[in-house]
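Have a look at the structure below before the remarks.
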Amino acid sequence: EEMERLLTWLYKFETDFLPNVVQGIHTLALTGLRVGELLALTPEDIDLDRKRMSINKTVYLQTVHKPKNNKEMDIPIHPQLELVLKNLVANCSRIGAKHLFENIETNKPYTPKTIRKAIRIAAKEALGINSGITPHTFRRSLSQYLMECGFSVNQISAMLRNSNEMVLRHYSESSLRTLTESFP
């Protein structure tokens with residue numbers, strides 16, 4: 001419910017943000033990607049026919065690297081993201097961008113700071129939360145949601161490309177703790 005309010009607010013005020021930033025946050029919310037993985041996505045990583053997204057690199061200090069833990073894999077595209085990603089890929093083709101989430105002036109991926117700032121603004125305006133919400137919060141929230149839906153720890157760990165299940169258990173515990181601490 002809170003994620004829906006946050007995304008609704010972001011799309012309402014989409015023009016207040018850099019191009020594609022809102023779609024990037026939407027992608028984070030429904031994939032559990034790390035922010036560097038999000039920023040490294042290229043049109044070639046999106047397979048709309050197979051409804052898969054290839055996670056095979058990450059951006060760190062605006063340089064592309066192998067993904068964390070060297071875990072490359074394809075993850076499913078959530079049905080809500082299909083149209084978003086289709087439009088992003090088409091836009092990249094139209095403007096000649098290499099990355100889905102790219103600063104068109106520098107032709108480099110956005111920085112994590114750009115995404116964090118937009119999330120911070122949206123959390124404050126849409127939810128009244130002044131701190132503690134980061135791109136990684138979305139990763140923990142997705143983990144919690146998938147657990148509540150009955151997915152196994154192994155399935156969630158594979159989807160999020162965690163190095164071990166203990167990290168995933170920590171996400172669940174810290175997600176609850178963050179929510180509790182965020183209440184006024």
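Residues in the structure tokens are named by chain (A, B, ... in the order shown) and by number from 1 within that chain; ligands are numbered from 1 in the order shown.
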
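Inside region 4-115 of chain A, the residues DSSP reads as strand (DSSP E or B) when given the backbone are Ile46, Asp47, Arg52, Met53, Ser54, Ile55, Thr58, Val59, Tyr60, Thr63, Val64, His65, Met73, Asp74, Ile75, Pro76, Glu102, Asn103, Lys108 and Pro109 of chain A.
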
Please produce a file of those selected residues containing C-alpha atoms, as a compact mmCIF listing (two decimals), in the first residue's frame.
# COMPACT_ATOMS: atom_id res chain seq x y z
CA ILE A 46 15.59 -6.37 -21.73
CA ASP A 47 13.90 -9.30 -23.49
CA ARG A 52 13.20 -11.54 -18.80
CA MET A 53 15.77 -8.99 -17.72
CA SER A 54 19.47 -9.84 -17.80
CA ILE A 55 21.45 -8.72 -14.76
CA THR A 58 26.66 -2.94 -12.25
CA VAL A 59 27.64 0.71 -12.21
CA TYR A 60 30.01 1.90 -9.52
CA THR A 63 32.00 2.87 -14.42
CA VAL A 64 30.51 -0.45 -15.49
CA HIS A 65 31.75 -3.53 -13.59
CA MET A 73 21.34 -14.07 -14.20
CA ASP A 74 18.05 -13.40 -15.89
CA ILE A 75 15.13 -12.39 -13.72
CA PRO A 76 11.44 -12.25 -14.66
CA GLU A 102 21.11 7.82 -18.62
CA ASN A 103 21.88 11.49 -18.34
CA LYS A 108 26.57 8.29 -18.81
CA PRO A 109 24.26 6.44 -16.45

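The list of residues with at least one atom within 9 Å of region 135-138 of chain A, based on only C-alpha atoms and without residues fewer than 3 positions apart in the same chain, reads Met3, Ile25, Leu28, Ala29, Leu30, Thr31, Gly32, Leu33, Arg34, Val35, Pro112, Ile115, Arg116, Ile119, Gly132, Ser141, Leu142, Ser143, Tyr171, Ser175 and Thr178 of chain A.
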
Atoms to include: N, CA and C atoms. Write the selected residues as a short mmCIF file (atom, residue, chain, number, x, y, z; two decimals), in the first residue's frame.
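The file below, selection-v8.cif, is the result:
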data_model
loop_
_atom_site.label_atom_id
_atom_site.label_comp_id
_atom_site.auth_asym_id
_atom_site.auth_seq_id
_atom_site.Cartn_x
_atom_site.Cartn_y
_atom_site.Cartn_z
N MET A 3 4.03 1.44 -0.96
CA MET A 3 4.77 1.49 -2.21
C MET A 3 3.88 2.03 -3.32
N ILE A 25 12.79 4.07 -10.43
CA ILE A 25 12.34 3.75 -9.08
C ILE A 25 11.26 2.66 -9.14
N LEU A 28 13.06 -0.55 -9.61
CA LEU A 28 13.66 -1.01 -8.35
C LEU A 28 12.62 -1.69 -7.48
N ALA A 29 11.45 -1.08 -7.39
CA ALA A 29 10.39 -1.59 -6.50
C ALA A 29 9.91 -2.98 -6.91
N LEU A 30 9.91 -3.27 -8.21
CA LEU A 30 9.33 -4.54 -8.67
C LEU A 30 10.36 -5.59 -9.07
N THR A 31 11.64 -5.28 -8.91
CA THR A 31 12.68 -6.25 -9.28
C THR A 31 13.63 -6.59 -8.15
N GLY A 32 13.78 -5.70 -7.19
CA GLY A 32 14.77 -5.92 -6.13
C GLY A 32 16.19 -5.70 -6.60
N LEU A 33 16.36 -5.00 -7.71
CA LEU A 33 17.72 -4.72 -8.20
C LEU A 33 18.47 -3.82 -7.23
N ARG A 34 19.77 -3.98 -7.20
CA ARG A 34 20.62 -3.01 -6.52
C ARG A 34 20.66 -1.77 -7.42
N VAL A 35 20.87 -0.61 -6.86
CA VAL A 35 20.83 0.62 -7.66
C VAL A 35 21.88 0.60 -8.77
N PRO A 112 23.84 6.97 -8.44
CA PRO A 112 22.92 6.53 -7.38
C PRO A 112 22.34 7.71 -6.60
N ILE A 115 19.01 8.89 -7.95
CA ILE A 115 17.90 8.00 -7.59
C ILE A 115 17.56 8.18 -6.11
N ARG A 116 18.58 8.22 -5.25
CA ARG A 116 18.34 8.40 -3.80
C ARG A 116 17.60 9.69 -3.51
N ILE A 119 13.93 9.39 -4.42
CA ILE A 119 13.24 8.53 -3.44
C ILE A 119 13.01 9.30 -2.15
N GLY A 132 15.57 7.39 6.11
CA GLY A 132 15.61 5.94 6.18
C GLY A 132 15.16 5.21 4.93
N SER A 141 12.07 -4.48 0.93
CA SER A 141 10.60 -4.54 0.90
C SER A 141 10.11 -5.64 -0.04
N LEU A 142 10.76 -5.78 -1.19
CA LEU A 142 10.37 -6.84 -2.12
C LEU A 142 10.62 -8.20 -1.48
N SER A 143 11.73 -8.34 -0.80
CA SER A 143 12.03 -9.59 -0.11
C SER A 143 10.93 -9.92 0.90
N TYR A 171 17.38 -8.88 5.77
CA TYR A 171 16.52 -7.93 5.06
C TYR A 171 15.14 -7.91 5.69
N SER A 175 13.77 -4.72 7.54
CA SER A 175 12.64 -4.07 6.88
C SER A 175 11.56 -3.74 7.91
N THR A 178 12.88 -0.92 10.15
CA THR A 178 12.83 0.38 9.46
C THR A 178 11.41 0.93 9.48
#

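Among A:Gly150, A:Ala118, A:Thr42, A:Asn87, the residue with the shortest atom-to-atom distance to Thr15 (chain A), counting only C-alpha atoms, is A:Ala118.
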
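Contact shell of Thr111 (chain A) at 8 Å (only C-alpha atoms; same-chain neighbours under 5 positions omitted): Leu39, Leu61 and Gln62 of chain A.
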
Note to self: as a PyMOL selection string, please: the residues near Val89 (chain A) (cut-off 9 Å, only C-alpha atoms, same-chain neighbours under 2 positions excluded).
What the structure shows: chain A and resi 42-44+46+84-87+91-94+99-100

Grab the residues selected above and save them as an mmCIF file, in the first residue's frame with N, CA and C atoms.
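What follows is the written file again-v9.cif:
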data_model
loop_
_atom_site.group_PDB
_atom_site.id
_atom_site.type_symbol
_atom_site.label_atom_id
_atom_site.label_comp_id
_atom_site.auth_asym_id
_atom_site.auth_seq_id
_atom_site.Cartn_x
_atom_site.Cartn_y
_atom_site.Cartn_z
ATOM 1 N N THR A 42 20.937 -1.858 -20.024
ATOM 2 C CA THR A 42 20.927 -1.370 -21.398
ATOM 3 C C THR A 42 19.708 -1.964 -22.108
ATOM 4 N N PRO A 43 19.339 -1.413 -23.249
ATOM 5 C CA PRO A 43 18.210 -1.986 -23.992
ATOM 6 C C PRO A 43 18.408 -3.472 -24.311
ATOM 7 N N GLU A 44 19.652 -3.884 -24.536
ATOM 8 C CA GLU A 44 19.940 -5.285 -24.857
ATOM 9 C C GLU A 44 19.668 -6.224 -23.677
ATOM 10 N N ILE A 46 17.036 -6.198 -21.873
ATOM 11 C CA ILE A 46 15.590 -6.373 -21.727
ATOM 12 C C ILE A 46 15.076 -7.257 -22.863
ATOM 13 N N VAL A 84 6.415 -0.157 -19.125
ATOM 14 C CA VAL A 84 7.450 0.796 -18.698
ATOM 15 C C VAL A 84 8.757 0.491 -19.423
ATOM 16 N N LEU A 85 9.164 -0.782 -19.397
ATOM 17 C CA LEU A 85 10.431 -1.170 -20.026
ATOM 18 C C LEU A 85 10.365 -1.056 -21.549
ATOM 19 N N LYS A 86 9.230 -1.387 -22.117
ATOM 20 C CA LYS A 86 9.062 -1.247 -23.569
ATOM 21 C C LYS A 86 9.277 0.210 -23.984
ATOM 22 N N ASN A 87 8.703 1.140 -23.230
ATOM 23 C CA ASN A 87 8.860 2.567 -23.525
ATOM 24 C C ASN A 87 10.304 3.033 -23.308
ATOM 25 N N ASN A 91 12.636 4.549 -26.177
ATOM 26 C CA ASN A 91 13.216 5.878 -25.981
ATOM 27 C C ASN A 91 14.732 5.849 -26.196
ATOM 28 N N CYS A 92 15.396 4.808 -25.688
ATOM 29 C CA CYS A 92 16.847 4.683 -25.896
ATOM 30 C C CYS A 92 17.168 4.627 -27.381
ATOM 31 N N SER A 93 16.385 3.860 -28.097
ATOM 32 C CA SER A 93 16.594 3.731 -29.542
ATOM 33 C C SER A 93 16.384 5.075 -30.238
ATOM 34 N N ARG A 94 15.357 5.779 -29.815
ATOM 35 C CA ARG A 94 15.010 7.068 -30.443
ATOM 36 C C ARG A 94 16.096 8.118 -30.218
ATOM 37 N N HIS A 99 22.203 3.433 -22.100
ATOM 38 C CA HIS A 99 21.622 2.892 -20.871
ATOM 39 C C HIS A 99 20.172 3.355 -20.731
ATOM 40 N N LEU A 100 19.369 2.533 -20.057
ATOM 41 C CA LEU A 100 17.964 2.891 -19.858
ATOM 42 C C LEU A 100 17.824 4.131 -18.982
#

Item checked: Residue contacts of Lys12 (chain A) (12 Å, only C-alpha atoms) excluding same-chain residues fewer than 5 positions away, as a PyMOL selection string -> chain A and resi 5-7+17+22+122+125-126

Check: What residues in chain A get the DSSP label helix (DSSP H, G or I)? Please answer as a VMD selection string.
Finding: chain A and resid 2 to 12 14 to 16 21 to 31 35 to 40 43 to 45 68 to 70 79 to 95 112 to 127 135 to 148 153 to 160 165 to 182
